[in-house]
Amino acid sequence: MKILMILTSHDKLGDTGEKTGFWLEEFAAPYYVLKDAGAEITLASPKGGQPPLDPKSDTEDAQTAATDRFKSDDAAQAALASTEKLSGITADGYDAVFYPGGHGPLWDLAEDADSIRLIESFADKDLPIGAVCHAPAIFKHTKIGDKPLVAGKQVTGFTNSEEEGVGLTDVVPFLVEDMLKANGGVYVSGDDWASFVTSDGKLVTGQNPASSEEAAKKLLEFI
């Protein structure tokens with residue numbers, strides 16, 4: 001079982017002067033769910049190398065059993081520090097793809113031609129695609145034929161009210177919930193900050209950081 005995980009390379013939180021990137025829990029929890037299931041995991045990002053970590057995800061109150069495990073896992077840290085460059089990756093040989101969130105993907109992966117190509121390739125092959133929290137931003141421009149990939153599909157992602165809760169509604173380039181609806185997605189959500197995962201066909205989406213482990217488990221069901 002070979003699974004591709006794609007992380008953001010974007011580290012600037014709009015014009016705030018603050019840093020962003022990927023959210024640690026949203027990488028660590030799925031990584032270990034997949035690894036413990038026997039998956040061989042390839043990590044990739046637009047720029048390759050070490051992806052930027054959102055510093056807010058590294059605070060004491062944001063830690064979980066999975067993030068604690070990662071911080072004592074030299075092999076996982078080395079793998080993360082040397083992600084492959086997205087432009088050199090194809091879907092060939094992979095059984096699924098998973099995108100961790102964090103605000104970074106709103107700026108780079110949402111617009112990245114290599115990411116769009118990969119997602120459409122996985123969809124064409126009817127292979128599982130997973131994305132959690134802000135990572136459903138990757139579906140902004142992806143298509144099946146001439147229609148948005150999410151059109152008519154049940155999907156979730158970071159809610160408008162959750163974005164408002166972190167005070168970034170006017171900072172982000174777009175709101176995940178609004179974009180999914182605009183692309184014809186059948187947007188569903190649970191309570192803010194509680195785990196909520198949905199799937200439609202082999203498309204798996206999770207609402208927020210609390211959903212990351214469950215989203216990875218759901219992805220495994222389709223492999």
# chains A, B, ... in the order shown; residues from 1 in each chain; ligands from 1
>>> select_by_dssp(residues="region 34-161 of chain A", states="strand (DSSP E or B)", output="list of chain:residue names")
A:Glu40, A:Ile41, A:Thr42, A:Leu43, A:Ala44, A:Ser45, A:Gly49, A:Leu53, A:Thr83, A:Glu84, A:Lys85, A:Ala96, A:Val97, A:Phe98, A:Tyr99, A:Ile129, A:Gly130, A:Ala131, A:Val132, A:Lys143, A:Ile144, A:Lys147, A:Pro148, A:Gln154, A:Val155
>>> write_last_selection(atoms="C-alpha atoms", output="PDB file, in the first residue's frame")
ATOM      1  CA  GLU A  40       4.525   3.172   2.569  1.00  0.00           C
ATOM      2  CA  ILE A  41       4.198   6.964   2.666  1.00  0.00           C
ATOM      3  CA  THR A  42       5.748   9.440   0.247  1.00  0.00           C
ATOM      4  CA  LEU A  43       5.765  13.072   1.367  1.00  0.00           C
ATOM      5  CA  ALA A  44       5.743  15.865  -1.216  1.00  0.00           C
ATOM      6  CA  SER A  45       5.287  19.649  -1.367  1.00  0.00           C
ATOM      7  CA  GLY A  49      12.338  19.916   1.359  1.00  0.00           C
ATOM      8  CA  LEU A  53       5.002  24.490  10.204  1.00  0.00           C
ATOM      9  CA  THR A  83       9.726  16.081   1.043  1.00  0.00           C
ATOM     10  CA  GLU A  84       9.865  15.423  -2.680  1.00  0.00           C
ATOM     11  CA  LYS A  85       9.122  18.187  -5.140  1.00  0.00           C
ATOM     12  CA  ALA A  96      -4.373   7.042  -2.401  1.00  0.00           C
ATOM     13  CA  VAL A  97      -3.461  10.675  -1.759  1.00  0.00           C
ATOM     14  CA  PHE A  98      -3.988  12.669   1.438  1.00  0.00           C
ATOM     15  CA  TYR A  99      -3.670  16.418   2.034  1.00  0.00           C
ATOM     16  CA  ILE A 129      -8.482  11.339  -2.258  1.00  0.00           C
ATOM     17  CA  GLY A 130      -8.463  12.742   1.283  1.00  0.00           C
ATOM     18  CA  ALA A 131      -8.230  16.305   2.576  1.00  0.00           C
ATOM     19  CA  VAL A 132      -8.768  17.764   6.033  1.00  0.00           C
ATOM     20  CA  LYS A 143     -12.292  19.264 -12.522  1.00  0.00           C
ATOM     21  CA  ILE A 144     -13.749  16.050 -13.870  1.00  0.00           C
ATOM     22  CA  LYS A 147     -17.287  20.285 -14.109  1.00  0.00           C
ATOM     23  CA  PRO A 148     -15.686  20.998 -10.723  1.00  0.00           C
ATOM     24  CA  GLN A 154     -20.966  15.647  -0.311  1.00  0.00           C
ATOM     25  CA  VAL A 155     -17.955  17.455   1.129  1.00  0.00           C
TER      26      VAL A 155
END
>>> residues_around(residues="region 35-38 of chain A", least_positions_apart="2", cutoff="9 Å", atoms="only C-alpha atoms", output="list in words")
Met1, Lys2, Pro30, Tyr31, Tyr32, Val33, Glu40, Ile41 and Leu220 of chain A
>>> write_last_selection(atoms="N, CA and C atoms", output="JSON list (two decimals), in the first residue's frame")
[["chain", "number", "residue", "atom", "x", "y", "z"],
["A", 1, "MET", "N", 0.85, -1.20, 0.00],
["A", 1, "MET", "CA", 0.00, 0.00, 0.00],
["A", 1, "MET", "C", 0.88, 1.25, 0.00],
["A", 2, "LYS", "N", 0.78, 2.02, -1.06],
["A", 2, "LYS", "CA", 1.59, 3.25, -1.17],
["A", 2, "LYS", "C", 0.67, 4.47, -1.16],
["A", 30, "PRO", "N", -2.82, 11.65, 10.74],
["A", 30, "PRO", "CA", -3.00, 10.80, 9.57],
["A", 30, "PRO", "C", -1.74, 9.98, 9.23],
["A", 31, "TYR", "N", -0.59, 10.60, 9.40],
["A", 31, "TYR", "CA", 0.68, 9.91, 9.09],
["A", 31, "TYR", "C", 0.76, 8.60, 9.86],
["A", 32, "TYR", "N", 0.46, 8.65, 11.14],
["A", 32, "TYR", "CA", 0.57, 7.43, 11.95],
["A", 32, "TYR", "C", -0.58, 6.46, 11.73],
["A", 33, "VAL", "N", -1.77, 6.96, 11.46],
["A", 33, "VAL", "CA", -2.88, 6.07, 11.10],
["A", 33, "VAL", "C", -2.50, 5.25, 9.87],
["A", 40, "GLU", "N", 3.27, 2.51, 2.92],
["A", 40, "GLU", "CA", 4.52, 3.17, 2.57],
["A", 40, "GLU", "C", 4.15, 4.59, 2.14],
["A", 41, "ILE", "N", 4.64, 5.58, 2.87],
["A", 41, "ILE", "CA", 4.20, 6.96, 2.67],
["A", 41, "ILE", "C", 5.27, 7.79, 1.97],
["A", 220, "LEU", "N", -8.53, 4.85, 4.47],
["A", 220, "LEU", "CA", -8.06, 3.47, 4.43],
["A", 220, "LEU", "C", -9.16, 2.50, 4.02]]
>>> closest_atom_pairs(of="region 6-112 of chain A", to="region 169-185 of chain A", cutoff="8 Å", atoms="only C-alpha atoms", output="tab-separated table")
residue	atom	partner	partner_atom	distance
A:Leu13	CA	A:Val171	CA	7.4
A:Gly14	CA	A:Val171	CA	5.9
A:Asp15	CA	A:Val171	CA	7.5
A:Thr16	CA	A:Val171	CA	7.7
A:His103	CA	A:Val172	CA	7.9
A:Leu106	CA	A:Pro173	CA	6.8
A:Trp107	CA	A:Pro173	CA	7.0
>>> write_last_selection(atoms="N, CA, C and O atoms", output="PDB file, in the first residue's frame")
ATOM      1  N   LEU A  13       1.097  34.392   6.278  1.00  0.00           N
ATOM      2  CA  LEU A  13      -0.329  34.507   6.563  1.00  0.00           C
ATOM      3  C   LEU A  13      -0.850  35.832   6.004  1.00  0.00           C
ATOM      4  O   LEU A  13      -1.024  36.815   6.724  1.00  0.00           O
ATOM      5  N   GLY A  14      -1.074  35.840   4.687  1.00  0.00           N
ATOM      6  CA  GLY A  14      -1.555  37.054   4.024  1.00  0.00           C
ATOM      7  C   GLY A  14      -0.613  38.215   4.256  1.00  0.00           C
ATOM      8  O   GLY A  14       0.607  38.083   4.145  1.00  0.00           O
ATOM      9  N   ASP A  15      -1.180  39.374   4.592  1.00  0.00           N
ATOM     10  CA  ASP A  15      -0.380  40.587   4.820  1.00  0.00           C
ATOM     11  C   ASP A  15      -0.204  40.887   6.309  1.00  0.00           C
ATOM     12  O   ASP A  15       0.134  42.007   6.691  1.00  0.00           O
ATOM     13  N   THR A  16      -0.424  39.852   7.159  1.00  0.00           N
ATOM     14  CA  THR A  16      -0.385  40.086   8.605  1.00  0.00           C
ATOM     15  C   THR A  16       1.033  40.164   9.165  1.00  0.00           C
ATOM     16  O   THR A  16       1.235  40.625  10.288  1.00  0.00           O
ATOM     17  N   HIS A 103      -3.414  26.752   7.152  1.00  0.00           N
ATOM     18  CA  HIS A 103      -3.854  27.813   6.238  1.00  0.00           C
ATOM     19  C   HIS A 103      -3.026  27.887   4.951  1.00  0.00           C
ATOM     20  O   HIS A 103      -3.488  28.415   3.941  1.00  0.00           O
ATOM     21  N   LEU A 106      -4.353  27.320   1.248  1.00  0.00           N
ATOM     22  CA  LEU A 106      -5.235  28.309   0.626  1.00  0.00           C
ATOM     23  C   LEU A 106      -4.492  29.151  -0.398  1.00  0.00           C
ATOM     24  O   LEU A 106      -5.076  29.616  -1.380  1.00  0.00           O
ATOM     25  N   TRP A 107      -3.202  29.361  -0.142  1.00  0.00           N
ATOM     26  CA  TRP A 107      -2.409  30.199  -1.052  1.00  0.00           C
ATOM     27  C   TRP A 107      -1.699  29.392  -2.136  1.00  0.00           C
ATOM     28  O   TRP A 107      -1.713  29.806  -3.294  1.00  0.00           O
TER      29      TRP A 107
END
>>> residues_around(residues="Thr198 (chain A)", least_positions_apart="5", cutoff="7 Å", atoms="only C-alpha atoms", output="number ranges by chain")
A: 155-156, 204-206
>>> write_last_selection(atoms="C-alpha atoms", output="short mmCIF file (atom, residue, chain, number, x, y, z; two decimals), in the first residue's frame")
data_model
loop_
_atom_site.label_atom_id
_atom_site.label_comp_id
_atom_site.auth_asym_id
_atom_site.auth_seq_id
_atom_site.Cartn_x
_atom_site.Cartn_y
_atom_site.Cartn_z
CA VAL A 155 -17.96 17.45 1.13
CA THR A 156 -16.83 19.31 4.24
CA VAL A 204 -12.93 11.89 1.87
CA THR A 205 -13.02 15.27 3.61
CA GLY A 206 -12.60 16.28 7.24
#
>>> atom_distance(atom1="CA of Gly17 (chain A)", atom2="CA of His141 (chain A)")
27.3 Å
>>> residues_around(residues="Leu127 (chain A)", least_positions_apart="3", cutoff="12 Å", atoms="only C-alpha atoms", output="PDB file with N, CA, C and O atoms, in the first residue's frame")
ATOM      1  N   LYS A   2       0.784   2.023  -1.056  1.00  0.00           N
ATOM      2  CA  LYS A   2       1.589   3.248  -1.173  1.00  0.00           C
ATOM      3  C   LYS A   2       0.671   4.471  -1.156  1.00  0.00           C
ATOM      4  O   LYS A   2      -0.272   4.553  -1.950  1.00  0.00           O
ATOM      5  N   ILE A   3       0.947   5.369  -0.242  1.00  0.00           N
ATOM      6  CA  ILE A   3       0.100   6.557  -0.095  1.00  0.00           C
ATOM      7  C   ILE A   3       0.949   7.823  -0.213  1.00  0.00           C
ATOM      8  O   ILE A   3       2.042   7.919   0.366  1.00  0.00           O
ATOM      9  N   LEU A   4       0.440   8.768  -0.961  1.00  0.00           N
ATOM     10  CA  LEU A   4       1.093  10.058  -1.143  1.00  0.00           C
ATOM     11  C   LEU A   4       0.466  11.076  -0.199  1.00  0.00           C
ATOM     12  O   LEU A   4      -0.753  11.189  -0.129  1.00  0.00           O
ATOM     13  N   ALA A  91       0.765  10.116 -10.286  1.00  0.00           N
ATOM     14  CA  ALA A  91      -0.120   9.243  -9.510  1.00  0.00           C
ATOM     15  C   ALA A  91       0.229   7.768  -9.670  1.00  0.00           C
ATOM     16  O   ALA A  91      -0.259   6.929  -8.905  1.00  0.00           O
ATOM     17  N   ASP A  92       1.085   7.461 -10.633  1.00  0.00           N
ATOM     18  CA  ASP A  92       1.406   6.061 -10.926  1.00  0.00           C
ATOM     19  C   ASP A  92       1.974   5.347  -9.699  1.00  0.00           C
ATOM     20  O   ASP A  92       2.918   5.834  -9.056  1.00  0.00           O
ATOM     21  N   GLY A  93       1.402   4.187  -9.399  1.00  0.00           N
ATOM     22  CA  GLY A  93       1.921   3.361  -8.315  1.00  0.00           C
ATOM     23  C   GLY A  93       1.353   3.671  -6.947  1.00  0.00           C
ATOM     24  O   GLY A  93       1.598   2.924  -5.992  1.00  0.00           O
ATOM     25  N   TYR A  94       0.598   4.767  -6.820  1.00  0.00           N
ATOM     26  CA  TYR A  94       0.016   5.126  -5.522  1.00  0.00           C
ATOM     27  C   TYR A  94      -1.411   4.602  -5.405  1.00  0.00           C
ATOM     28  O   TYR A  94      -2.145   4.510  -6.398  1.00  0.00           O
ATOM     29  N   ASP A  95      -1.786   4.278  -4.171  1.00  0.00           N
ATOM     30  CA  ASP A  95      -3.124   3.757  -3.913  1.00  0.00           C
ATOM     31  C   ASP A  95      -4.077   4.824  -3.405  1.00  0.00           C
ATOM     32  O   ASP A  95      -5.297   4.623  -3.387  1.00  0.00           O
ATOM     33  N   ALA A  96      -3.537   5.952  -2.932  1.00  0.00           N
ATOM     34  CA  ALA A  96      -4.373   7.042  -2.401  1.00  0.00           C
ATOM     35  C   ALA A  96      -3.499   8.275  -2.214  1.00  0.00           C
ATOM     36  O   ALA A  96      -2.270   8.190  -2.178  1.00  0.00           O
ATOM     37  N   VAL A  97      -4.167   9.426  -2.065  1.00  0.00           N
ATOM     38  CA  VAL A  97      -3.461  10.675  -1.759  1.00  0.00           C
ATOM     39  C   VAL A  97      -4.189  11.362  -0.604  1.00  0.00           C
ATOM     40  O   VAL A  97      -5.425  11.312  -0.519  1.00  0.00           O
ATOM     41  N   PHE A  98      -3.406  11.978   0.289  1.00  0.00           N
ATOM     42  CA  PHE A  98      -3.988  12.669   1.438  1.00  0.00           C
ATOM     43  C   PHE A  98      -3.324  14.025   1.613  1.00  0.00           C
ATOM     44  O   PHE A  98      -2.101  14.130   1.555  1.00  0.00           O
ATOM     45  N   LEU A 118      -2.375  16.205 -10.331  1.00  0.00           N
ATOM     46  CA  LEU A 118      -2.353  14.974  -9.546  1.00  0.00           C
ATOM     47  C   LEU A 118      -3.745  14.573  -9.062  1.00  0.00           C
ATOM     48  O   LEU A 118      -4.142  13.410  -9.184  1.00  0.00           O
ATOM     49  N   ILE A 119      -4.472  15.534  -8.507  1.00  0.00           N
ATOM     50  CA  ILE A 119      -5.808  15.234  -7.993  1.00  0.00           C
ATOM     51  C   ILE A 119      -6.707  14.727  -9.117  1.00  0.00           C
ATOM     52  O   ILE A 119      -7.435  13.735  -8.962  1.00  0.00           O
ATOM     53  N   GLU A 120      -6.650  15.394 -10.253  1.00  0.00           N
ATOM     54  CA  GLU A 120      -7.482  14.968 -11.384  1.00  0.00           C
ATOM     55  C   GLU A 120      -7.077  13.584 -11.865  1.00  0.00           C
ATOM     56  O   GLU A 120      -7.924  12.773 -12.266  1.00  0.00           O
ATOM     57  N   SER A 121      -5.784  13.277 -11.780  1.00  0.00           N
ATOM     58  CA  SER A 121      -5.297  11.953 -12.176  1.00  0.00           C
ATOM     59  C   SER A 121      -5.791  10.876 -11.211  1.00  0.00           C
ATOM     60  O   SER A 121      -6.237   9.803 -11.631  1.00  0.00           O
ATOM     61  N   PHE A 122      -5.729  11.154  -9.902  1.00  0.00           N
ATOM     62  CA  PHE A 122      -6.257  10.210  -8.921  1.00  0.00           C
ATOM     63  C   PHE A 122      -7.760  10.000  -9.135  1.00  0.00           C
ATOM     64  O   PHE A 122      -8.257   8.874  -9.046  1.00  0.00           O
ATOM     65  N   ALA A 123      -8.485  11.084  -9.414  1.00  0.00           N
ATOM     66  CA  ALA A 123      -9.925  10.987  -9.644  1.00  0.00           C
ATOM     67  C   ALA A 123     -10.227  10.163 -10.904  1.00  0.00           C
ATOM     68  O   ALA A 123     -11.138   9.326 -10.910  1.00  0.00           O
ATOM     69  N   ASP A 124      -9.456  10.392 -11.952  1.00  0.00           N
ATOM     70  CA  ASP A 124      -9.652   9.643 -13.200  1.00  0.00           C
ATOM     71  C   ASP A 124      -9.451   8.144 -12.989  1.00  0.00           C
ATOM     72  O   ASP A 124     -10.104   7.317 -13.630  1.00  0.00           O
ATOM     73  N   GLY A 130      -8.075  12.229  -0.029  1.00  0.00           N
ATOM     74  CA  GLY A 130      -8.463  12.742   1.283  1.00  0.00           C
ATOM     75  C   GLY A 130      -7.908  14.127   1.530  1.00  0.00           C
ATOM     76  O   GLY A 130      -6.800  14.453   1.086  1.00  0.00           O
ATOM     77  N   GLY A 201     -18.316   8.628  -2.688  1.00  0.00           N
ATOM     78  CA  GLY A 201     -17.453   7.805  -3.516  1.00  0.00           C
ATOM     79  C   GLY A 201     -16.159   7.597  -2.751  1.00  0.00           C
ATOM     80  O   GLY A 201     -16.172   7.231  -1.574  1.00  0.00           O
ATOM     81  N   LYS A 202     -15.032   7.886  -3.370  1.00  0.00           N
ATOM     82  CA  LYS A 202     -13.733   7.738  -2.697  1.00  0.00           C
ATOM     83  C   LYS A 202     -13.128   9.091  -2.334  1.00  0.00           C
ATOM     84  O   LYS A 202     -11.928   9.209  -2.098  1.00  0.00           O
ATOM     85  N   LEU A 203     -13.978  10.113  -2.284  1.00  0.00           N
ATOM     86  CA  LEU A 203     -13.544  11.452  -1.875  1.00  0.00           C
ATOM     87  C   LEU A 203     -13.849  11.627  -0.390  1.00  0.00           C
ATOM     88  O   LEU A 203     -15.010  11.598   0.029  1.00  0.00           O
ATOM     89  N   VAL A 204     -12.794  11.793   0.409  1.00  0.00           N
ATOM     90  CA  VAL A 204     -12.928  11.885   1.870  1.00  0.00           C
ATOM     91  C   VAL A 204     -12.497  13.277   2.319  1.00  0.00           C
ATOM     92  O   VAL A 204     -11.406  13.740   1.981  1.00  0.00           O
ATOM     93  N   LEU A 219     -10.186   7.093   4.801  1.00  0.00           N
ATOM     94  CA  LEU A 219      -9.440   6.912   3.547  1.00  0.00           C
ATOM     95  C   LEU A 219      -9.019   5.446   3.391  1.00  0.00           C
ATOM     96  O   LEU A 219      -9.113   4.881   2.299  1.00  0.00           O
ATOM     97  N   LEU A 220      -8.530   4.851   4.471  1.00  0.00           N
ATOM     98  CA  LEU A 220      -8.060   3.469   4.432  1.00  0.00           C
ATOM     99  C   LEU A 220      -9.163   2.501   4.023  1.00  0.00           C
ATOM    100  O   LEU A 220      -8.875   1.445   3.421  1.00  0.00           O
ATOM    101  N   GLU A 221     -10.410   2.842   4.346  1.00  0.00           N
ATOM    102  CA  GLU A 221     -11.518   1.948   4.011  1.00  0.00           C
ATOM    103  C   GLU A 221     -11.678   1.758   2.494  1.00  0.00           C
ATOM    104  O   GLU A 221     -12.266   0.776   2.043  1.00  0.00           O
ATOM    105  N   PHE A 222     -11.156   2.712   1.731  1.00  0.00           N
ATOM    106  CA  PHE A 222     -11.345   2.656   0.274  1.00  0.00           C
ATOM    107  C   PHE A 222     -10.131   2.107  -0.469  1.00  0.00           C
ATOM    108  O   PHE A 222     -10.093   2.107  -1.700  1.00  0.00           O
ATOM    109  N   ILE A 223      -9.128   1.658   0.269  1.00  0.00           N
ATOM    110  CA  ILE A 223      -7.913   1.148  -0.363  1.00  0.00           C
ATOM    111  C   ILE A 223      -7.947  -0.384  -0.386  1.00  0.00           C
ATOM    112  O   ILE A 223      -8.227  -1.006   0.617  1.00  0.00           O
TER     113      ILE A 223
END
>>> select_by_dssp(residues="chain A", states="alpha helix (DSSP H)", output="number ranges by chain")
A: 24-36, 65-71, 74-81, 104-107, 113-124, 160-165, 176-182, 212-221
>>> residues_around(residues="Asp68 (chain A)", least_positions_apart="4", cutoff="10 Å", atoms="only C-alpha atoms", output="MDAnalysis selection string")
chainID A and resid 25 28 63:64 72:73
>>> write_last_selection(atoms="N, CA, C and O atoms", output="compact mmCIF listing (two decimals), in the first residue's frame")
# COMPACT_ATOMS: atom_id res chain seq x y z
N GLU A 25 -0.91 18.64 13.88
CA GLU A 25 -1.81 17.52 14.19
C GLU A 25 -2.39 16.92 12.91
O GLU A 25 -2.56 15.70 12.81
N ALA A 28 0.51 14.79 11.57
CA ALA A 28 0.98 13.69 12.43
C ALA A 28 -0.07 12.60 12.61
O ALA A 28 0.25 11.40 12.49
N GLN A 63 -1.09 20.25 21.21
CA GLN A 63 -0.43 18.95 21.10
C GLN A 63 -1.39 17.80 21.40
O GLN A 63 -2.34 17.93 22.18
N THR A 64 -1.12 16.68 20.74
CA THR A 64 -1.92 15.46 20.91
C THR A 64 -0.96 14.28 21.02
O THR A 64 0.26 14.43 20.89
N SER A 72 9.19 12.60 18.89
CA SER A 72 10.22 11.66 19.36
C SER A 72 10.55 10.63 18.27
O SER A 72 11.18 9.61 18.55
N ASP A 73 10.13 10.91 17.05
CA ASP A 73 10.31 9.99 15.92
C ASP A 73 11.30 10.60 14.92
O ASP A 73 10.93 11.38 14.05
>>> atom_distance(atom1="CA of His10 (chain A)", atom2="CA of Leu34 (chain A)")
24.5 Å
>>> atom_distance(atom1="CA of Thr8 (chain A)", atom2="CA of Ala76 (chain A)")
17.0 Å
>>> closest_residue(among="A:Glu60, A:Lys47, A:Thr142, A:Gln207", to="Gly190 (chain A)", atoms="only C-alpha atoms")
A:Gln207
>>> closest_residue(among="A:Lys19, A:Lys125, A:Lys217, A:Lys153", to="Pro55 (chain A)", atoms="only C-alpha atoms")
A:Lys19
